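Working notes for the structure below.
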Amino acid sequence: MTDKLDYVHCMLIPLRQHYLLLPNTTIAEVIPLPKQLVLAQTTQQNFIVGECHWRDGILPVIDLENLIDEPADADSRAANKLCIVNGINDNAAVEHYALPCCGAPQLITLNEAALQTTAHDAAQQWLYCQIKIGNKTALIPNLDDIETHLQNQLSMP
């Protein structure tokens, strides 16, 4: 009898300075960055960088890199697409939100043997971990906490 390997279909999403790894099912759609969307400077307390129209609603656009890390330099790659993310946290009433990305996300299939956890300096509230996929390091975000934080930001006056 042979052991069955479990595979996970994921999206490797290029951000300005990092890659983000999400299960494929969390991505509803990838769209070109709307021309009317103007990305503004943000702080870690307010990581919502704008809004976009999608289907019949308006979605918040959030900057995960700003939340997880230092704000990017002005000369870093510019976002040219939006990943529309399905909300996964039932306790946060966030059905969808958008993440700017720098290029097309790549569909990849991974198994446990392909993932290598990397050490990073300190535990961060917004990350589960960093992993090495080939020669790239990808961030696996804590979507539950991020969506709860987003819900709190959206409900502020």
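Just remember, in the structure tokens the first chain shown is A, the second B, etc., residues are 1-based per chain, and ligands are 1-based in the order shown.
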
Give one line per residue of region 80-146 of chain A that approaches region 12-25 of chain A to at most 7 Å, naming the two atoms of the closest pair and their distance in Å to one decimal, counting only C-alpha atoms; sort by chain then ascending residue number and deliver it as JSON lines.
{"residue": "A:Cys101", "atom": "CA", "partner": "A:Leu15", "partner_atom": "CA", "distance": 4.9}
{"residue": "A:Cys102", "atom": "CA", "partner": "A:Leu15", "partner_atom": "CA", "distance": 5.3}
{"residue": "A:Gly103", "atom": "CA", "partner": "A:Pro14", "partner_atom": "CA", "distance": 6.2}
{"residue": "A:Pro105", "atom": "CA", "partner": "A:Ile13", "partner_atom": "CA", "distance": 4.4}
{"residue": "A:Gln106", "atom": "CA", "partner": "A:Leu12", "partner_atom": "CA", "distance": 5.1}
{"residue": "A:Leu107", "atom": "CA", "partner": "A:Leu12", "partner_atom": "CA", "distance": 6.4}
{"residue": "A:Ile108", "atom": "CA", "partner": "A:Leu12", "partner_atom": "CA", "distance": 6.9}
{"residue": "A:Thr137", "atom": "CA", "partner": "A:Tyr19", "partner_atom": "CA", "distance": 6.7}
{"residue": "A:Ala138", "atom": "CA", "partner": "A:Tyr19", "partner_atom": "CA", "distance": 4.6}
{"residue": "A:Leu139", "atom": "CA", "partner": "A:Leu20", "partner_atom": "CA", "distance": 4.8}
{"residue": "A:Ile140", "atom": "CA", "partner": "A:Leu21", "partner_atom": "CA", "distance": 5.4}

Write out the residues from the selection above, keeping N, CA and C atoms, as a short mmCIF file (atom, residue, chain, number, x, y, z; two decimals), in the first residue's frame.
data_model
loop_
_atom_site.label_atom_id
_atom_site.label_comp_id
_atom_site.auth_asym_id
_atom_site.auth_seq_id
_atom_site.Cartn_x
_atom_site.Cartn_y
_atom_site.Cartn_z
N CYS A 101 -1.73 43.76 -5.75
CA CYS A 101 -0.58 42.89 -6.01
C CYS A 101 0.20 43.41 -7.20
N CYS A 102 1.43 43.01 -7.28
CA CYS A 102 2.37 43.50 -8.30
C CYS A 102 2.64 42.40 -9.31
N GLY A 103 1.71 42.19 -10.18
CA GLY A 103 1.84 41.12 -11.16
C GLY A 103 0.77 40.08 -10.95
N PRO A 105 -0.90 36.69 -9.87
CA PRO A 105 -0.70 35.58 -8.93
C PRO A 105 -0.48 34.28 -9.70
N GLN A 106 0.28 33.40 -9.10
CA GLN A 106 0.62 32.13 -9.74
C GLN A 106 -0.07 30.99 -9.00
N LEU A 107 -0.79 30.16 -9.74
CA LEU A 107 -1.42 28.98 -9.15
C LEU A 107 -0.35 27.91 -8.97
N ILE A 108 -0.19 27.43 -7.75
CA ILE A 108 0.78 26.37 -7.49
C ILE A 108 0.12 25.28 -6.65
N THR A 137 10.61 33.22 -0.59
CA THR A 137 10.04 33.18 0.75
C THR A 137 8.65 33.79 0.66
N ALA A 138 7.67 33.09 1.19
CA ALA A 138 6.27 33.55 1.14
C ALA A 138 5.72 33.70 2.55
N LEU A 139 4.84 34.65 2.70
CA LEU A 139 4.17 34.89 3.97
C LEU A 139 2.81 34.20 3.96
N ILE A 140 2.50 33.52 5.05
CA ILE A 140 1.16 32.97 5.23
C ILE A 140 0.49 33.83 6.30
#

> Can you tell me, as a PyMOL selection string, what residues are no more than 9 Å from Lys81 (chain A) when counting only C-alpha atoms, ignoring any on the same chain fewer than 5 positions away?
Replying inline: chain A and resi 30-34+99-104

Atoms kept (N, CA and C atoms) for selection, written as a PDB file, in the first residue's frame:
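Generated output (again-v8.pdb):
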ATOM      1  N   VAL A  30      -9.146  37.879  -9.709  1.00  0.00           N
ATOM      2  CA  VAL A  30      -8.033  38.814  -9.867  1.00  0.00           C
ATOM      3  C   VAL A  30      -8.428  39.757 -10.986  1.00  0.00           C
ATOM      4  N   ILE A  31      -8.389  41.075 -10.691  1.00  0.00           N
ATOM      5  CA  ILE A  31      -8.810  42.073 -11.671  1.00  0.00           C
ATOM      6  C   ILE A  31      -7.706  43.113 -11.861  1.00  0.00           C
ATOM      7  N   PRO A  32      -7.712  43.807 -13.005  1.00  0.00           N
ATOM      8  CA  PRO A  32      -6.761  44.915 -13.165  1.00  0.00           C
ATOM      9  C   PRO A  32      -7.041  45.984 -12.114  1.00  0.00           C
ATOM     10  N   LEU A  33      -6.008  46.679 -11.699  1.00  0.00           N
ATOM     11  CA  LEU A  33      -6.180  47.760 -10.732  1.00  0.00           C
ATOM     12  C   LEU A  33      -7.056  48.838 -11.357  1.00  0.00           C
ATOM     13  N   PRO A  34      -8.189  49.165 -10.737  1.00  0.00           N
ATOM     14  CA  PRO A  34      -9.071  50.184 -11.319  1.00  0.00           C
ATOM     15  C   PRO A  34      -8.370  51.535 -11.413  1.00  0.00           C
ATOM     16  N   LEU A  99      -6.800  43.042  -2.193  1.00  0.00           N
ATOM     17  CA  LEU A  99      -5.378  43.221  -1.903  1.00  0.00           C
ATOM     18  C   LEU A  99      -4.675  43.644  -3.185  1.00  0.00           C
ATOM     19  N   PRO A 100      -3.952  44.762  -3.173  1.00  0.00           N
ATOM     20  CA  PRO A 100      -3.174  45.110  -4.358  1.00  0.00           C
ATOM     21  C   PRO A 100      -2.016  44.131  -4.525  1.00  0.00           C
ATOM     22  N   CYS A 101      -1.726  43.755  -5.751  1.00  0.00           N
ATOM     23  CA  CYS A 101      -0.579  42.889  -6.011  1.00  0.00           C
ATOM     24  C   CYS A 101       0.199  43.411  -7.204  1.00  0.00           C
ATOM     25  N   CYS A 102       1.434  43.008  -7.278  1.00  0.00           N
ATOM     26  CA  CYS A 102       2.370  43.502  -8.298  1.00  0.00           C
ATOM     27  C   CYS A 102       2.637  42.396  -9.310  1.00  0.00           C
ATOM     28  N   GLY A 103       1.712  42.186 -10.177  1.00  0.00           N
ATOM     29  CA  GLY A 103       1.840  41.121 -11.157  1.00  0.00           C
ATOM     30  C   GLY A 103       0.767  40.082 -10.947  1.00  0.00           C
ATOM     31  N   ALA A 104       0.756  39.110 -11.817  1.00  0.00           N
ATOM     32  CA  ALA A 104      -0.269  38.071 -11.776  1.00  0.00           C
ATOM     33  C   ALA A 104       0.058  37.022 -10.718  1.00  0.00           C
TER      34      ALA A 104
END

> From the list A:Met156, A:Ile27, A:Cys129, A:Ala79, which residue is nearest Asn142 (chain A) when using only C-alpha atoms?
Replying inline: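 Closest residue, counting only C-alpha atoms: A:Cys129.
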
>> Given only C-alpha atoms as the basis, pick out the residue of A:Ile48, A:Ala28, A:Leu59, A:Ile84 nearest to Asn152 (chain A).
In response: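 Smallest separation from Asn152 (chain A) among the options: A:Ile48.
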
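For the pair CA of Ala113 (chain A) and CA of Asp144 (chain A), the separation is 25.5 Å.
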
Within 7 Å of Thr118 (chain A), counting only C-alpha atoms, which residues show up once you throw out same-chain ones fewer than 6 positions away? Write them as a PDB file with C-alpha atoms, in the first residue's frame, please.
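For reference, around-v5.pdb as written:
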ATOM      1  CA  GLN A 130       6.990  32.412   6.603  1.00  0.00           C
ATOM      2  CA  ILE A 131       7.810  29.507   4.345  1.00  0.00           C
ATOM      3  CA  LYS A 132      10.363  28.802   1.675  1.00  0.00           C
TER       4      LYS A 132
END

Near-Ile62 (chain A) list (10 Å; only C-alpha atoms; drop same-chain fewer than 4 positions) as an mmCIF file with C-alpha atoms, in the first residue's frame:
data_model
loop_
_atom_site.group_PDB
_atom_site.id
_atom_site.type_symbol
_atom_site.label_atom_id
_atom_site.label_comp_id
_atom_site.auth_asym_id
_atom_site.auth_seq_id
_atom_site.Cartn_x
_atom_site.Cartn_y
_atom_site.Cartn_z
ATOM 1 C CA LEU A 39 -3.680 54.400 -3.220
ATOM 2 C CA THR A 42 -1.350 54.416 5.334
ATOM 3 C CA ASN A 46 -5.217 52.227 9.253
ATOM 4 C CA PHE A 47 -4.148 49.746 6.615
ATOM 5 C CA ILE A 48 -7.139 50.448 4.371
ATOM 6 C CA VAL A 49 -5.707 52.209 1.322
ATOM 7 C CA GLY A 50 -8.895 52.787 -0.631
ATOM 8 C CA GLU A 51 -12.053 51.279 -2.017
ATOM 9 C CA ASN A 66 2.005 47.800 5.599
ATOM 10 C CA LEU A 67 0.234 45.852 8.330
ATOM 11 C CA TYR A 97 -11.928 42.648 0.403
ATOM 12 C CA ALA A 98 -9.172 43.462 -2.047
ATOM 13 C CA LEU A 99 -5.378 43.221 -1.903
ATOM 14 C CA PRO A 100 -3.174 45.110 -4.358
ATOM 15 C CA ILE A 146 -6.638 40.437 9.746
ATOM 16 C CA LEU A 150 -10.510 45.059 9.156
#

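Interatomic distance, CA of Gln124 (chain A) against CA of Gln151 (chain A): 19.2 Å.
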
>> Taking only C-alpha atoms into account, name the residue in A:Leu110, A:Leu143, A:Leu127, A:Val8 that is nearest to Ile68 (chain A).
In response: A:Leu127

>> Report, in Å to a single decimal, how far apart CA of Asp56 (chain A) and CA of Leu154 (chain A) are.
In response: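 Computing the Euclidean distance for CA of Leu154 (chain A) and CA of Asp56 (chain A) yields 18.4 Å.
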
> For Val94 (chain A), which residue among A:His53, A:Asn135, A:Ile58, A:Glu112 is the nearest when counting only C-alpha atoms?
Replying inline: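 Of A:His53, A:Asn135, A:Ile58, A:Glu112, the one nearest Val94 (chain A) is A:Ile58, counting only C-alpha atoms.
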
> Between A:Ile88, A:Cys10, A:Ile133, A:Leu82, which has the minimum distance to Pro60 (chain A) (counting only C-alpha atoms)?
Replying inline: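 Distance minimum relative to Pro60 (chain A) lands on A:Leu82.
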